[in-house]
file model-v7.txt (compact mmCIF, N, CA and C atoms and all ligand atoms)
# COMPACT_ATOMS: atom_id res chain seq x y z
N MET A 1 87.49 140.11 98.35
CA MET A 1 86.91 138.94 99.02
C MET A 1 85.40 139.18 99.17
N SER A 2 84.62 138.20 98.76
CA SER A 2 83.17 138.36 98.81
C SER A 2 82.66 138.25 100.26
N ALA A 3 81.43 138.71 100.47
CA ALA A 3 80.82 138.64 101.80
C ALA A 3 80.71 137.19 102.26
N ILE A 4 80.43 136.30 101.35
CA ILE A 4 80.30 134.87 101.71
C ILE A 4 81.64 134.34 102.21
N LEU A 5 82.71 134.68 101.52
CA LEU A 5 84.03 134.21 101.95
C LEU A 5 84.41 134.78 103.31
N VAL A 6 84.09 136.04 103.53
CA VAL A 6 84.38 136.66 104.83
C VAL A 6 83.59 135.94 105.93
N PHE A 7 82.32 135.68 105.66
CA PHE A 7 81.48 134.97 106.64
C PHE A 7 82.06 133.59 106.93
N GLU A 8 82.43 132.86 105.89
CA GLU A 8 82.98 131.51 106.07
C GLU A 8 84.29 131.56 106.86
N PHE A 9 85.11 132.55 106.59
CA PHE A 9 86.38 132.68 107.29
C PHE A 9 86.15 132.94 108.78
N VAL A 10 85.25 133.87 109.08
CA VAL A 10 84.97 134.20 110.48
C VAL A 10 84.38 132.99 111.19
N LYS A 11 83.49 132.28 110.53
CA LYS A 11 82.87 131.09 111.12
C LYS A 11 83.93 130.02 111.40
N SER A 12 84.81 129.80 110.45
CA SER A 12 85.87 128.81 110.64
C SER A 12 86.82 129.21 111.76
N LEU A 13 87.12 130.49 111.82
CA LEU A 13 88.02 130.97 112.88
C LEU A 13 87.37 130.77 114.25
N ALA A 14 86.08 131.03 114.34
CA ALA A 14 85.35 130.84 115.61
C ALA A 14 85.38 129.36 116.01
N GLU A 15 85.24 128.46 115.05
CA GLU A 15 85.29 127.02 115.34
C GLU A 15 86.67 126.64 115.86
N PHE A 16 87.69 127.19 115.24
CA PHE A 16 89.07 126.90 115.65
C PHE A 16 89.33 127.37 117.08
N VAL A 17 88.90 128.58 117.38
CA VAL A 17 89.12 129.14 118.72
C VAL A 17 88.32 128.36 119.75
N SER A 18 87.07 128.02 119.43
CA SER A 18 86.26 127.30 120.41
C SER A 18 86.77 125.87 120.61
N ASP A 19 87.57 125.37 119.69
CA ASP A 19 88.20 124.05 119.84
C ASP A 19 89.54 124.15 120.58
N GLY A 20 89.85 125.33 121.09
CA GLY A 20 91.09 125.51 121.84
C GLY A 20 92.30 125.70 120.94
N CYS A 21 92.09 126.08 119.70
CA CYS A 21 93.18 126.32 118.72
C CYS A 21 94.07 125.08 118.56
N GLN A 22 93.44 123.91 118.60
CA GLN A 22 94.23 122.68 118.48
C GLN A 22 94.70 122.46 117.05
N LEU A 23 95.94 122.03 116.92
CA LEU A 23 96.52 121.71 115.62
C LEU A 23 96.67 120.20 115.49
N VAL A 24 96.70 119.72 114.26
CA VAL A 24 96.96 118.30 114.05
C VAL A 24 98.45 118.03 114.25
N SER A 25 98.81 116.75 114.40
CA SER A 25 100.22 116.40 114.55
C SER A 25 100.95 116.62 113.21
N ARG A 26 102.25 116.56 113.26
CA ARG A 26 103.04 116.71 112.04
C ARG A 26 102.68 115.63 111.02
N ASP A 27 102.52 114.39 111.48
CA ASP A 27 102.18 113.29 110.58
C ASP A 27 100.78 113.46 109.98
N GLN A 28 99.85 113.89 110.82
CA GLN A 28 98.49 114.11 110.33
C GLN A 28 98.46 115.24 109.29
N TYR A 29 99.24 116.26 109.57
CA TYR A 29 99.31 117.39 108.63
C TYR A 29 99.86 116.91 107.28
N ALA A 30 100.92 116.12 107.33
CA ALA A 30 101.53 115.61 106.09
C ALA A 30 100.54 114.72 105.33
N ALA A 31 99.78 113.91 106.06
CA ALA A 31 98.80 113.02 105.41
C ALA A 31 97.70 113.84 104.75
N ARG A 32 97.28 114.90 105.39
CA ARG A 32 96.26 115.77 104.79
C ARG A 32 96.78 116.41 103.51
N LEU A 33 97.99 116.95 103.58
CA LEU A 33 98.56 117.60 102.39
C LEU A 33 98.73 116.60 101.25
N GLU A 34 99.11 115.37 101.59
CA GLU A 34 99.28 114.34 100.56
C GLU A 34 97.94 114.05 99.88
N ALA A 35 96.86 113.98 100.66
CA ALA A 35 95.53 113.75 100.09
C ALA A 35 95.15 114.91 99.16
N CYS A 36 95.45 116.10 99.57
CA CYS A 36 95.12 117.28 98.75
C CYS A 36 95.92 117.29 97.44
N GLN A 37 97.14 116.78 97.49
CA GLN A 37 97.97 116.78 96.29
C GLN A 37 97.29 116.07 95.13
N GLY A 38 96.60 114.97 95.43
CA GLY A 38 95.97 114.19 94.37
C GLY A 38 94.50 114.51 94.15
N CYS A 39 94.02 115.56 94.76
CA CYS A 39 92.59 115.88 94.70
C CYS A 39 92.27 116.74 93.48
N GLU A 40 91.19 116.39 92.80
CA GLU A 40 90.78 117.13 91.59
C GLU A 40 90.21 118.51 91.92
N ILE A 41 89.91 118.76 93.18
CA ILE A 41 89.36 120.06 93.58
C ILE A 41 90.46 121.07 93.87
N ARG A 42 91.64 120.59 94.17
CA ARG A 42 92.76 121.49 94.44
C ARG A 42 93.11 122.28 93.18
N ASN A 43 93.39 123.55 93.38
CA ASN A 43 93.85 124.41 92.30
C ASN A 43 95.05 125.18 92.84
N GLY A 44 96.23 124.65 92.61
CA GLY A 44 97.43 125.25 93.19
C GLY A 44 97.36 125.15 94.70
N PRO A 45 97.50 126.27 95.41
CA PRO A 45 97.50 126.23 96.87
C PRO A 45 96.10 126.28 97.48
N VAL A 46 95.08 126.29 96.65
CA VAL A 46 93.71 126.56 97.13
C VAL A 46 92.79 125.36 96.91
N CYS A 47 91.88 125.16 97.85
CA CYS A 47 90.77 124.22 97.71
C CYS A 47 89.67 125.00 96.96
N ASP A 48 89.55 124.77 95.68
CA ASP A 48 88.84 125.66 94.77
C ASP A 48 87.31 125.61 94.95
N ARG A 49 86.72 126.75 95.26
CA ARG A 49 85.25 126.83 95.41
C ARG A 49 84.54 126.46 94.12
N GLU A 50 85.08 126.86 93.00
CA GLU A 50 84.40 126.59 91.72
C GLU A 50 84.40 125.12 91.37
N ARG A 51 85.23 124.34 92.05
CA ARG A 51 85.26 122.89 91.82
C ARG A 51 84.56 122.14 92.96
N GLY A 52 83.93 122.88 93.86
CA GLY A 52 83.20 122.24 94.96
C GLY A 52 83.90 122.31 96.30
N GLY A 53 85.05 122.99 96.35
CA GLY A 53 85.79 123.11 97.60
C GLY A 53 85.34 124.31 98.41
N CYS A 54 86.16 124.67 99.40
CA CYS A 54 85.78 125.72 100.35
C CYS A 54 86.42 127.08 100.03
N GLY A 55 87.42 127.09 99.18
CA GLY A 55 88.09 128.35 98.86
C GLY A 55 89.25 128.67 99.78
N CYS A 56 89.53 127.78 100.73
CA CYS A 56 90.62 128.04 101.69
C CYS A 56 91.98 127.71 101.11
N ARG A 57 92.99 128.31 101.71
CA ARG A 57 94.37 127.93 101.39
C ARG A 57 94.64 126.61 102.11
N ILE A 58 95.06 125.62 101.36
CA ILE A 58 95.18 124.27 101.88
C ILE A 58 96.20 124.18 103.01
N ALA A 59 97.33 124.85 102.87
CA ALA A 59 98.38 124.77 103.89
C ALA A 59 97.88 125.24 105.25
N LEU A 60 96.95 126.19 105.25
CA LEU A 60 96.38 126.70 106.50
C LEU A 60 95.26 125.78 106.98
N LYS A 61 94.36 125.45 106.08
CA LYS A 61 93.19 124.65 106.46
C LYS A 61 93.58 123.30 107.05
N ALA A 62 94.62 122.69 106.50
CA ALA A 62 95.02 121.35 106.93
C ALA A 62 95.61 121.33 108.34
N ALA A 63 95.98 122.48 108.86
CA ALA A 63 96.67 122.52 110.15
C ALA A 63 95.74 122.41 111.35
N ALA A 64 94.51 122.89 111.22
CA ALA A 64 93.61 122.94 112.37
C ALA A 64 92.86 121.63 112.54
N LYS A 65 92.84 121.15 113.77
CA LYS A 65 92.19 119.88 114.07
C LYS A 65 90.69 119.92 113.78
N THR A 66 90.08 121.04 114.02
CA THR A 66 88.63 121.12 113.90
C THR A 66 88.13 121.25 112.46
N TRP A 67 89.00 121.67 111.56
CA TRP A 67 88.56 121.88 110.18
C TRP A 67 88.58 120.56 109.41
N GLU A 68 87.64 120.45 108.51
CA GLU A 68 87.48 119.19 107.78
C GLU A 68 87.58 119.41 106.28
N CYS A 69 87.94 118.35 105.61
CA CYS A 69 87.97 118.39 104.15
C CYS A 69 86.53 118.52 103.63
N PRO A 70 86.29 119.51 102.77
CA PRO A 70 84.92 119.75 102.31
C PRO A 70 84.55 119.02 101.02
N HIS A 71 85.31 118.01 100.65
CA HIS A 71 85.05 117.35 99.36
C HIS A 71 83.57 116.93 99.27
N PRO A 72 82.90 117.25 98.16
CA PRO A 72 81.46 116.96 98.05
C PRO A 72 81.13 115.47 98.12
N LEU A 73 82.08 114.60 97.87
CA LEU A 73 81.82 113.16 97.94
C LEU A 73 82.29 112.56 99.26
N GLY A 74 82.71 113.42 100.19
CA GLY A 74 83.17 112.95 101.49
C GLY A 74 84.63 113.29 101.69
N SER A 75 85.01 113.40 102.93
CA SER A 75 86.37 113.83 103.26
C SER A 75 87.43 112.93 102.64
N ARG A 76 88.46 113.56 102.12
CA ARG A 76 89.60 112.83 101.56
C ARG A 76 90.73 112.72 102.60
N TRP A 77 90.54 113.37 103.74
CA TRP A 77 91.59 113.34 104.77
C TRP A 77 91.41 112.13 105.68
N PRO A 78 92.51 111.57 106.14
CA PRO A 78 92.40 110.50 107.12
C PRO A 78 91.81 111.02 108.43
N ALA A 79 91.10 110.16 109.14
CA ALA A 79 90.51 110.57 110.41
C ALA A 79 91.58 110.98 111.40
N VAL A 80 91.28 111.98 112.20
CA VAL A 80 92.22 112.45 113.23
C VAL A 80 91.92 111.77 114.54
S1 LIG B 101 88.46 118.88 98.85
FE1 LIG B 101 89.68 118.11 100.57
S2 LIG B 101 91.33 116.91 99.65
FE2 LIG B 101 90.44 118.21 98.04
S3 LIG B 101 91.73 120.05 98.03
FE3 LIG B 101 89.98 120.45 99.36
S4 LIG B 101 90.68 119.94 101.43
FE4 LIG B 101 92.11 119.00 99.96
call {"tool": "encode", "arguments": {"input": "model-v7.txt", "output": "structure tokens", "more": "lines below"}}
Ligand code: SF4
result
Amino acid sequence: MSAILVFEFVKSLAEFVSDGCQLVSRDQYAARLEACQGCEIRNGPVCDRERGGCGCRIALKAAAKTWECPHPLGSRWPAV
């Protein structure tokens, strides 16, 4: 794991904790995963950095309320 990925992970974790570790609802989680299914940036289970994504595992990233879809053209996730 590169230093940049470690930094991004720690930063994201700090955001999650400072947001009170809030998770999205089951329906919101499903809607996020559905959006990722059709996304050109997704590469298997990962939001691919080389395609403009964040490098996170989608199943994890979609669960936290504070984390956002990093699509370069704007979020593909429905508003929470
Ligand atoms: S850019 Fe957004 S919609 Fe696309 S795979 Fe990443 S998190 Fe999912």
call {"tool": "residues_around", "arguments": {"input": "model-v7.txt", "residues": "Ser25 of chain A", "least_positions_apart": "6", "cutoff": "8 Å", "atoms": "all atoms listed in the file", "output": "VMD selection string"}}
result
chain A and resid 31 63 to 65 80
call {"tool": "residues_near_ligand", "arguments": {"input": "model-v7.txt", "ligand": "ligand LIG 101 (chain B)", "cutoff": "6.5 Å", "atoms": "all atoms listed in the file", "output": "list in words"}}
result
Arg32, Ala35, Cys36, Gln37, Cys39, Glu40, Ile41, Arg42, Asn43, Val46, Cys47, Asp48, Gly52, Gly53, Cys54, Ile58, Glu68, Cys69, Pro70, His71, Pro72, Ser75, Arg76 and Trp77 of chain A
call {"tool": "atom_distance", "arguments": {"input": "model-v7.txt", "atom1": "atom CA of Ser18 of chain A", "atom2": "atom CA of Lys61 of chain A"}}
result
15.8 Å
call {"tool": "select_by_dssp", "arguments": {"input": "model-v7.txt", "residues": "chain A", "states": "alpha helix (DSSP H)", "output": "PyMOL selection string"}}
result
chain A and resi 3-18+26-37+58-61
call {"tool": "closest_residue", "arguments": {"input": "model-v7.txt", "among": "A:Arg51, A:Thr66, A:Tyr29, A:Ala3", "to": "Val17 of chain A", "atoms": "only C-alpha atoms"}}
result
A:Thr66
call {"tool": "select_by_dssp", "arguments": {"input": "model-v7.txt", "residues": "chain A", "states": "strand (DSSP E)", "output": "PyMOL selection string"}}
result
chain A and resi 42-43+46-47
call {"tool": "residues_around", "arguments": {"input": "model-v7.txt", "residues": "Leu5 of chain A", "least_positions_apart": "5", "cutoff": "10 Å", "atoms": "only C-alpha atoms", "output": "PyMOL selection string"}}
result
chain A and resi 10-11+49+54-56
call {"tool": "atom_distance", "arguments": {"input": "model-v7.txt", "atom1": "atom N of Gln28 of chain A", "atom2": "atom N of Trp67 of chain A"}}
result
13.4 Å
